[in-house]
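Below is start_35.tsv, which holds TSV, N, CA and C atoms.
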```tsv
chain	number	residue	atom	x	y	z
A	1	MET	N	-99.30	110.22	163.17
A	1	MET	CA	-98.66	111.44	163.59
A	1	MET	C	-99.63	112.28	164.41
A	2	GLN	N	-99.14	112.80	165.48
A	2	GLN	CA	-99.94	113.67	166.34
A	2	GLN	C	-99.83	115.09	165.79
A	3	ILE	N	-100.95	115.71	165.48
A	3	ILE	CA	-100.94	117.04	164.89
A	3	ILE	C	-100.85	118.13	165.96
A	4	PHE	N	-101.60	117.99	167.05
A	4	PHE	CA	-101.62	119.00	168.09
A	4	PHE	C	-100.69	118.62	169.24
A	5	ASN	N	-100.22	119.64	169.97
A	5	ASN	CA	-99.35	119.42	171.11
A	5	ASN	C	-100.10	118.78	172.26
A	6	THR	N	-100.80	119.57	173.06
A	6	THR	CA	-101.55	119.04	174.20
A	6	THR	C	-103.02	119.40	174.04
A	7	ILE	N	-103.85	118.51	174.44
A	7	ILE	CA	-105.29	118.70	174.28
A	7	ILE	C	-105.81	119.84	175.16
A	8	THR	N	-105.32	119.99	176.37
A	8	THR	CA	-105.85	121.00	177.29
A	8	THR	C	-105.61	122.42	176.79
A	9	ALA	N	-104.45	122.68	176.25
A	9	ALA	CA	-104.13	124.02	175.78
A	9	ALA	C	-104.66	124.28	174.38
A	10	THR	N	-105.01	123.24	173.67
A	10	THR	CA	-105.40	123.35	172.27
A	10	THR	C	-106.56	124.30	172.05
A	11	THR	N	-107.63	124.19	172.81
A	11	THR	CA	-108.82	125.01	172.56
A	11	THR	C	-108.55	126.50	172.81
A	12	ILE	N	-107.79	126.82	173.83
A	12	ILE	CA	-107.47	128.21	174.13
A	12	ILE	C	-106.60	128.81	173.03
A	13	ILE	N	-105.55	128.10	172.65
A	13	ILE	CA	-104.63	128.58	171.61
A	13	ILE	C	-105.34	128.63	170.26
A	14	GLN	N	-106.19	127.66	170.02
A	14	GLN	CA	-106.96	127.61	168.78
A	14	GLN	C	-107.81	128.87	168.61
A	15	LYS	N	-108.48	129.28	169.67
A	15	LYS	CA	-109.32	130.48	169.62
A	15	LYS	C	-108.47	131.72	169.35
A	16	LYS	N	-107.34	131.84	170.05
A	16	LYS	CA	-106.46	132.98	169.85
A	16	LYS	C	-105.94	133.02	168.41
A	17	LEU	N	-105.57	131.86	167.91
A	17	LEU	CA	-105.05	131.77	166.55
A	17	LEU	C	-106.12	132.14	165.53
A	18	GLN	N	-107.32	131.64	165.73
A	18	GLN	CA	-108.42	131.94	164.80
A	18	GLN	C	-108.75	133.43	164.79
A	19	GLU	N	-108.60	134.09	165.91
A	19	GLU	CA	-108.83	135.53	165.98
A	19	GLU	C	-107.80	136.31	165.16
A	20	SER	N	-106.62	135.71	164.95
A	20	SER	CA	-105.55	136.36	164.20
A	20	SER	C	-105.52	135.97	162.73
A	21	PHE	N	-106.42	135.12	162.30
A	21	PHE	CA	-106.42	134.64	160.91
A	21	PHE	C	-106.51	135.75	159.88
A	22	HIS	N	-107.19	136.84	160.24
A	22	HIS	CA	-107.34	137.94	159.27
A	22	HIS	C	-105.98	138.50	158.83
A	23	GLU	N	-104.94	138.32	159.66
A	23	GLU	CA	-103.59	138.79	159.32
A	23	GLU	C	-102.98	137.99	158.16
A	24	VAL	N	-103.29	136.71	158.10
A	24	VAL	CA	-102.60	135.84	157.15
A	24	VAL	C	-103.51	135.23	156.08
A	25	PHE	N	-104.80	135.28	156.29
A	25	PHE	CA	-105.76	134.74	155.31
A	25	PHE	C	-106.70	135.84	154.85
A	26	TRP	N	-106.26	136.61	153.91
A	26	TRP	CA	-107.09	137.69	153.39
A	26	TRP	C	-107.88	137.24	152.16
A	27	ASP	N	-107.56	136.06	151.64
A	27	ASP	CA	-108.15	135.62	150.38
A	27	ASP	C	-109.12	134.45	150.49
A	28	ILE	N	-109.34	133.96	151.69
A	28	ILE	CA	-110.27	132.83	151.86
A	28	ILE	C	-111.19	133.07	153.06
A	29	ASP	N	-112.27	132.34	153.09
A	29	ASP	CA	-113.21	132.41	154.21
A	29	ASP	C	-112.64	131.57	155.36
A	30	THR	N	-112.16	132.23	156.38
A	30	THR	CA	-111.50	131.54	157.49
A	30	THR	C	-112.48	130.70	158.32
A	31	ASN	N	-113.77	130.95	158.19
A	31	ASN	CA	-114.75	130.13	158.91
A	31	ASN	C	-114.77	128.70	158.40
A	32	LYS	N	-114.29	128.50	157.19
A	32	LYS	CA	-114.28	127.16	156.60
A	32	LYS	C	-112.99	126.39	156.87
A	33	LEU	N	-112.02	127.04	157.54
A	33	LEU	CA	-110.76	126.37	157.85
A	33	LEU	C	-110.95	125.42	159.03
A	34	ASP	N	-110.46	124.23	158.87
A	34	ASP	CA	-110.47	123.24	159.94
A	34	ASP	C	-109.04	123.13	160.47
A	35	MET	N	-108.86	123.35	161.75
A	35	MET	CA	-107.52	123.39	162.34
A	35	MET	C	-106.75	122.08	162.16
A	36	LYS	N	-107.48	120.98	162.10
A	36	LYS	CA	-106.83	119.67	161.95
A	36	LYS	C	-106.59	119.33	160.47
A	37	ASN	N	-107.62	119.44	159.67
A	37	ASN	CA	-107.52	119.03	158.26
A	37	ASN	C	-106.71	119.99	157.40
A	38	HIS	N	-106.65	121.25	157.79
A	38	HIS	CA	-105.94	122.25	157.00
A	38	HIS	C	-104.65	122.71	157.70
A	39	TYR	N	-104.06	121.85	158.51
A	39	TYR	CA	-102.89	122.26	159.29
A	39	TYR	C	-101.72	122.70	158.42
A	40	LYS	N	-101.50	122.07	157.27
A	40	LYS	CA	-100.38	122.46	156.41
A	40	LYS	C	-100.57	123.88	155.87
A	41	LEU	N	-101.76	124.19	155.44
A	41	LEU	CA	-102.06	125.52	154.93
A	41	LEU	C	-101.91	126.57	156.04
A	42	ILE	N	-102.41	126.26	157.21
A	42	ILE	CA	-102.35	127.20	158.34
A	42	ILE	C	-100.90	127.45	158.73
A	43	ILE	N	-100.12	126.39	158.89
A	43	ILE	CA	-98.72	126.53	159.28
A	43	ILE	C	-97.96	127.33	158.23
A	44	THR	N	-98.16	127.00	156.97
A	44	THR	CA	-97.46	127.68	155.88
A	44	THR	C	-97.78	129.17	155.85
A	45	GLN	N	-99.06	129.51	155.87
A	45	GLN	CA	-99.47	130.91	155.80
A	45	GLN	C	-98.99	131.71	157.00
A	46	VAL	N	-99.10	131.12	158.19
A	46	VAL	CA	-98.69	131.84	159.39
A	46	VAL	C	-97.19	132.08	159.40
A	47	ILE	N	-96.40	131.09	159.04
A	47	ILE	CA	-94.95	131.28	159.03
A	47	ILE	C	-94.55	132.30	157.96
A	48	ASN	N	-95.19	132.26	156.82
A	48	ASN	CA	-94.86	133.21	155.74
A	48	ASN	C	-95.31	134.64	156.04
A	49	TYR	N	-96.49	134.83	156.59
A	49	TYR	CA	-97.08	136.16	156.70
A	49	TYR	C	-97.35	136.64	158.12
A	50	GLY	N	-97.28	135.76	159.09
A	50	GLY	CA	-97.69	136.12	160.45
A	50	GLY	C	-96.66	136.88	161.25
A	51	SER	N	-97.14	137.51	162.28
A	51	SER	CA	-96.28	138.21	163.23
A	51	SER	C	-95.62	137.16	164.14
A	52	VAL	N	-94.67	137.61	164.92
A	52	VAL	CA	-93.99	136.71	165.86
A	52	VAL	C	-95.00	136.08	166.81
A	53	GLN	N	-95.95	136.87	167.26
A	53	GLN	CA	-96.97	136.38	168.21
A	53	GLN	C	-97.79	135.24	167.61
A	54	ILE	N	-98.25	135.40	166.39
A	54	ILE	CA	-99.09	134.36	165.77
A	54	ILE	C	-98.25	133.12	165.43
A	55	ILE	N	-96.98	133.32	165.08
A	55	ILE	CA	-96.09	132.17	164.83
A	55	ILE	C	-95.89	131.38	166.11
A	56	LYS	N	-95.73	132.08	167.22
A	56	LYS	CA	-95.60	131.39	168.52
A	56	LYS	C	-96.85	130.57	168.83
A	57	GLN	N	-98.01	131.10	168.50
A	57	GLN	CA	-99.26	130.38	168.73
A	57	GLN	C	-99.31	129.10	167.90
A	58	VAL	N	-98.83	129.16	166.67
A	58	VAL	CA	-98.79	127.97	165.82
A	58	VAL	C	-97.85	126.93	166.44
A	59	PHE	N	-96.71	127.38	166.94
A	59	PHE	CA	-95.76	126.45	167.57
A	59	PHE	C	-96.32	125.85	168.86
A	60	GLN	N	-97.17	126.59	169.55
A	60	GLN	CA	-97.80	126.06	170.76
A	60	GLN	C	-98.90	125.06	170.42
A	61	LEU	N	-99.62	125.34	169.34
A	61	LEU	CA	-100.76	124.51	168.97
A	61	LEU	C	-100.34	123.22	168.27
A	62	TYR	N	-99.51	123.33	167.26
A	62	TYR	CA	-99.15	122.16	166.45
A	62	TYR	C	-97.87	121.51	166.96
A	63	SER	N	-97.82	120.21	166.83
A	63	SER	CA	-96.65	119.45	167.28
A	63	SER	C	-95.46	119.74	166.38
A	64	ARG	N	-94.30	119.48	166.90
A	64	ARG	CA	-93.06	119.65	166.12
A	64	ARG	C	-93.11	118.78	164.87
A	65	GLU	N	-93.65	117.59	164.99
A	65	GLU	CA	-93.73	116.67	163.86
A	65	GLU	C	-94.67	117.20	162.77
A	66	ALA	N	-95.76	117.82	163.16
A	66	ALA	CA	-96.68	118.40	162.17
A	66	ALA	C	-96.00	119.53	161.40
A	67	ILE	N	-95.22	120.34	162.09
A	67	ILE	CA	-94.49	121.43	161.43
A	67	ILE	C	-93.41	120.85	160.53
A	68	ARG	N	-92.70	119.83	161.00
A	68	ARG	CA	-91.67	119.17	160.16
A	68	ARG	C	-92.29	118.57	158.90
A	69	GLN	N	-93.44	117.95	159.02
A	69	GLN	CA	-94.10	117.34	157.86
A	69	GLN	C	-94.55	118.42	156.87
A	70	THR	N	-94.96	119.56	157.38
A	70	THR	CA	-95.35	120.68	156.52
A	70	THR	C	-94.16	121.19	155.73
A	71	LEU	N	-93.00	121.22	156.36
A	71	LEU	CA	-91.78	121.65	155.68
A	71	LEU	C	-91.24	120.58	154.74
A	72	LYS	N	-91.33	119.34	155.18
A	72	LYS	CA	-90.80	118.21	154.39
A	72	LYS	C	-91.64	117.93	153.15
A	73	HIS	N	-92.95	118.04	153.28
A	73	HIS	CA	-93.89	117.80	152.18
A	73	HIS	C	-94.74	119.06	151.99
A	74	PRO	N	-94.13	120.11	151.46
A	74	PRO	CA	-94.79	121.41	151.41
A	74	PRO	C	-95.85	121.52	150.33
A	75	ILE	N	-96.68	122.54	150.48
A	75	ILE	CA	-97.62	122.91	149.42
A	75	ILE	C	-96.76	123.58	148.35
A	76	ARG	N	-96.83	123.06	147.14
A	76	ARG	CA	-95.96	123.56	146.05
A	76	ARG	C	-96.15	125.05	145.80
A	77	GLY	N	-95.01	125.74	145.70
A	77	GLY	CA	-95.02	127.14	145.33
A	77	GLY	C	-95.60	128.10	146.34
A	78	SER	N	-95.62	127.72	147.59
A	78	SER	CA	-96.30	128.56	148.58
A	78	SER	C	-95.37	129.26	149.57
A	79	TRP	N	-94.10	128.97	149.54
A	79	TRP	CA	-93.16	129.50	150.53
A	79	TRP	C	-92.31	130.62	149.97
A	80	PHE	N	-91.99	131.60	150.83
A	80	PHE	CA	-90.98	132.59	150.50
A	80	PHE	C	-89.63	131.89	150.63
A	81	PRO	N	-88.71	132.09	149.70
A	81	PRO	CA	-87.45	131.33	149.69
A	81	PRO	C	-86.65	131.41	150.99
A	82	LYS	N	-86.41	132.59	151.49
A	82	LYS	CA	-85.57	132.74	152.70
A	82	LYS	C	-86.28	132.20	153.94
A	83	THR	N	-87.57	132.41	154.01
A	83	THR	CA	-88.34	131.91	155.14
A	83	THR	C	-88.31	130.39	155.17
A	84	TYR	N	-88.56	129.79	154.01
A	84	TYR	CA	-88.58	128.33	153.92
A	84	TYR	C	-87.23	127.74	154.29
A	85	LYS	N	-86.17	128.31	153.76
A	85	LYS	CA	-84.83	127.80	154.06
A	85	LYS	C	-84.50	127.93	155.55
A	86	ALA	N	-84.86	129.05	156.13
A	86	ALA	CA	-84.58	129.26	157.56
A	86	ALA	C	-85.32	128.26	158.44
A	87	PHE	N	-86.59	128.02	158.15
A	87	PHE	CA	-87.35	127.08	158.97
A	87	PHE	C	-86.96	125.63	158.70
A	88	CYS	N	-86.55	125.33	157.49
A	88	CYS	CA	-86.02	123.99	157.21
A	88	CYS	C	-84.75	123.75	158.03
A	89	ASN	N	-83.90	124.76	158.10
A	89	ASN	CA	-82.69	124.64	158.93
A	89	ASN	C	-83.05	124.47	160.40
A	90	LEU	N	-84.02	125.23	160.85
A	90	LEU	CA	-84.45	125.17	162.25
A	90	LEU	C	-84.99	123.80	162.62
A	91	PHE	N	-85.72	123.17	161.69
A	91	PHE	CA	-86.35	121.89	161.96
A	91	PHE	C	-85.60	120.71	161.34
A	92	ASP	N	-84.39	120.97	160.86
A	92	ASP	CA	-83.52	119.94	160.30
A	92	ASP	C	-84.22	119.13	159.20
A	93	VAL	N	-84.73	119.87	158.21
A	93	VAL	CA	-85.44	119.28	157.07
A	93	VAL	C	-84.71	119.68	155.80
A	94	GLU	N	-84.55	118.75	154.89
A	94	GLU	CA	-83.96	119.04	153.59
A	94	GLU	C	-84.98	119.83	152.76
A	95	PRO	N	-84.60	121.05	152.32
A	95	PRO	CA	-85.55	121.87	151.55
A	95	PRO	C	-85.96	121.21	150.23
A	96	ASP	N	-87.19	121.43	149.86
A	96	ASP	CA	-87.74	120.95	148.59
A	96	ASP	C	-87.87	122.16	147.67
A	97	LYS	N	-87.19	122.15	146.54
A	97	LYS	CA	-87.19	123.30	145.63
A	97	LYS	C	-88.59	123.64	145.14
A	98	ALA	N	-89.45	122.67	145.05
A	98	ALA	CA	-90.82	122.91	144.57
A	98	ALA	C	-91.64	123.72	145.56
A	99	ALA	N	-91.18	123.86	146.79
A	99	ALA	CA	-91.93	124.58	147.81
A	99	ALA	C	-91.91	126.08	147.60
A	100	VAL	N	-90.86	126.56	146.96
A	100	VAL	CA	-90.62	127.99	146.86
A	100	VAL	C	-91.48	128.62	145.76
A	101	ASN	N	-92.03	129.78	146.08
A	101	ASN	CA	-92.80	130.56	145.12
A	101	ASN	C	-91.81	131.24	144.17
A	102	VAL	N	-91.78	130.83	142.92
A	102	VAL	CA	-90.79	131.35	141.97
A	102	VAL	C	-90.96	132.85	141.71
A	103	MET	N	-92.11	133.39	141.99
A	103	MET	CA	-92.32	134.83	141.81
A	103	MET	C	-91.55	135.63	142.86
A	104	CYS	N	-91.08	134.98	143.91
A	104	CYS	CA	-90.37	135.67	144.98
A	104	CYS	C	-88.85	135.59	144.81
A	105	ILE	N	-88.39	134.91	143.79
A	105	ILE	CA	-86.96	134.76	143.58
A	105	ILE	C	-86.46	135.91	142.71
A	106	ARG	N	-85.47	136.59	143.22
A	106	ARG	CA	-84.86	137.68	142.46
A	106	ARG	C	-83.69	137.14	141.66
A	107	LYS	N	-83.67	137.45	140.40
A	107	LYS	CA	-82.55	137.03	139.57
A	107	LYS	C	-81.44	138.05	139.74
A	108	LYS	N	-80.23	137.54	139.90
A	108	LYS	CA	-79.08	138.42	140.02
A	108	LYS	C	-78.69	138.91	138.63
A	109	THR	N	-78.61	140.21	138.48
A	109	THR	CA	-78.21	140.79	137.20
A	109	THR	C	-77.02	141.71	137.43
A	110	ARG	N	-76.21	141.79	136.42
A	110	ARG	CA	-75.06	142.69	136.52
A	110	ARG	C	-75.54	144.11	136.29
A	111	ASP	N	-74.96	145.03	137.04
A	111	ASP	CA	-75.29	146.42	136.87
A	111	ASP	C	-74.56	146.93	135.63
A	112	LYS	N	-75.30	147.37	134.64
A	112	LYS	CA	-74.70	147.83	133.39
A	112	LYS	C	-74.69	149.36	133.34
A	113	GLY	N	-74.86	150.01	134.44
A	113	GLY	CA	-74.80	151.47	134.47
A	113	GLY	C	-76.09	152.08	133.95
A	114	THR	N	-75.98	153.29	133.51
A	114	THR	CA	-77.17	154.01	133.03
A	114	THR	C	-77.20	154.15	131.52
A	115	ASP	N	-76.67	153.19	130.80
A	115	ASP	CA	-76.67	153.22	129.35
A	115	ASP	C	-78.08	152.94	128.85
A	116	LEU	N	-78.73	153.92	128.25
A	116	LEU	CA	-80.11	153.81	127.80
A	116	LEU	C	-80.22	153.53	126.30
A	117	ARG	N	-79.10	153.26	125.63
A	117	ARG	CA	-79.15	153.05	124.19
A	117	ARG	C	-80.07	151.90	123.79
A	118	GLY	N	-80.09	150.83	124.54
A	118	GLY	CA	-80.92	149.68	124.20
A	118	GLY	C	-82.39	149.90	124.47
A	119	ILE	N	-82.71	150.87	125.32
A	119	ILE	CA	-84.09	151.12	125.71
A	119	ILE	C	-84.76	152.11	124.76
A	120	LEU	N	-84.03	153.15	124.36
A	120	LEU	CA	-84.62	154.22	123.54
A	120	LEU	C	-84.69	153.87	122.10
```

Show the structure stored in the file as structure tokens.
Amino acid sequence: MQIFNTITATTIIQKKLQESFHEVFWDIDTNKLDMKNHYKLIITQVINYGSVQIIKQVFQLYSREAIRQTLKHPIRGSWFPKTYKAFCNLFDVEPDKAAVNVMCIRKKTRDKGTDLRGIL
């Protein structure tokens, strides 16, 4: 599988993307990220947390197949539910339930009004 789109544009886009890493990687040392070996982590974090501009850079840098593989074989528990579903639809990938971060799922509850008897 080819990870990057074109070799000539790769270095320019790579530099721009690395300059934007502080937006999406606040918890790790971005100097240790390898654009090739950590492509799944980079794609996942940028799509989940990045601005439109940085997402466009990821789409320019990484091949469609690399993005599809990231969606098809996701890092467990790392995706926002709506984001993951939307991008799976965009790339025609069957969503994997294990991909979704369960802390981001809101449980639907019935509104029981303001009855405080059970609380007090």

Please, what distance in Å, to one decimal, runs between atom N of Phe25 (chain A) and CA of Gln45 (chain A)?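 Between atom N of Phe25 (chain A) and CA of Gln45 (chain A) the gap is 6.9 Å.
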
Between CA of Glu94 (chain A) and CA of Ile43 (chain A), distance in Å (one decimal):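 Atom-to-atom, CA of Glu94 (chain A) and CA of Ile43 (chain A) are spaced 17.5 Å apart.
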
Separation of atom N of Ala66 (chain A) from atom C of Ile3 (chain A), in Å and rounded to one decimal: 5.8 Å

Between A:Val102, A:Cys88, A:Leu41, A:Val93, which has the minimum distance to Ile75 (chain A) (counting all atoms listed in the file)?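 Going through A:Val102, A:Cys88, A:Leu41, A:Val93 one by one, the smallest distance to Ile75 (chain A) is for A:Leu41.
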
For Ser20 (chain A), find every residue with an atom within 12 Å (counting only C-alpha atoms), except residues of its own chain fewer than 6 positions away, and show them as a PyMOL selection string. chain A and resi 13-14+26+30+42+45-46+49-58

As number ranges by chain, please: every residue in region 21-82 of chain A that a backbone DSSP assignment puts in helix (DSSP H, G or I). A: 21-24, 30-32, 39-49, 52-61, 64-72, 81-82

Taking 4 positions as the minimum chain separation for residues in the same chain, which residues sit within 10 Å of His73 (chain A) when counting only C-alpha atoms? Answer as a list in words.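 Residues near the query, excluding close chain neighbours: Lys40, Ile67, Arg68, Gln69, Val93, Pro95, Asp96, Ala98 and Ala99 of chain A.
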
Deliver the residues from the most recent selection as a file, using N, CA and C atoms, as a compact mmCIF listing (two decimals), in the coordinates of the input.
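selection_2.txt written:
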```
# COMPACT_ATOMS: atom_id res chain seq x y z
N LYS A 40 -101.50 122.07 157.27
CA LYS A 40 -100.38 122.46 156.41
C LYS A 40 -100.57 123.88 155.87
N ILE A 67 -95.22 120.34 162.09
CA ILE A 67 -94.49 121.43 161.43
C ILE A 67 -93.41 120.85 160.53
N ARG A 68 -92.70 119.83 161.00
CA ARG A 68 -91.67 119.17 160.16
C ARG A 68 -92.29 118.57 158.90
N GLN A 69 -93.44 117.95 159.02
CA GLN A 69 -94.10 117.34 157.86
C GLN A 69 -94.55 118.42 156.87
N VAL A 93 -84.73 119.87 158.21
CA VAL A 93 -85.44 119.28 157.07
C VAL A 93 -84.71 119.68 155.80
N PRO A 95 -84.60 121.05 152.32
CA PRO A 95 -85.55 121.87 151.55
C PRO A 95 -85.96 121.21 150.23
N ASP A 96 -87.19 121.43 149.86
CA ASP A 96 -87.74 120.95 148.59
C ASP A 96 -87.87 122.16 147.67
N ALA A 98 -89.45 122.67 145.05
CA ALA A 98 -90.82 122.91 144.57
C ALA A 98 -91.64 123.72 145.56
N ALA A 99 -91.18 123.86 146.79
CA ALA A 99 -91.93 124.58 147.81
C ALA A 99 -91.91 126.08 147.60
```

To box region 33-52 of chain A, take all atoms listed in the file, fit an axis-aligned box, add 3 Å on each side, and give centre and edge lengths in Å to one decimal, as AutoDock Vina command-line options.
```
--center_x -103.0 --center_y 128.6 --center_z 160.9 --size_x 24.0 --size_y 25.2 --size_z 17.9
```

In terms of the shortest atom-to-atom distance over all atoms listed in the file, which of A:Met1, A:Asp29, A:Gly77, A:Thr11 is closest to Met103 (chain A)?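 Ranking A:Met1, A:Asp29, A:Gly77, A:Thr11 by distance to Met103 (chain A), first place goes to A:Gly77.
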
Cut-off 8 Å around (-94.0, 132.6, 150.7) with all atoms listed in the file: residues as a PyMOL selection string: chain A and resi 44-45+47-49+77-84+99-101+104

Which residue of A:Gln60, A:Phe4, A:Ala86, A:Ile12 approaches Met35 (chain A) most closely, using only C-alpha atoms: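 The closest residue to Met35 (chain A) is A:Phe4.
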
Residue list (strand (DSSP E or B), DSSP) for chain A, as a list in words: Phe4, Tyr62, Trp79 and Val100 of chain A
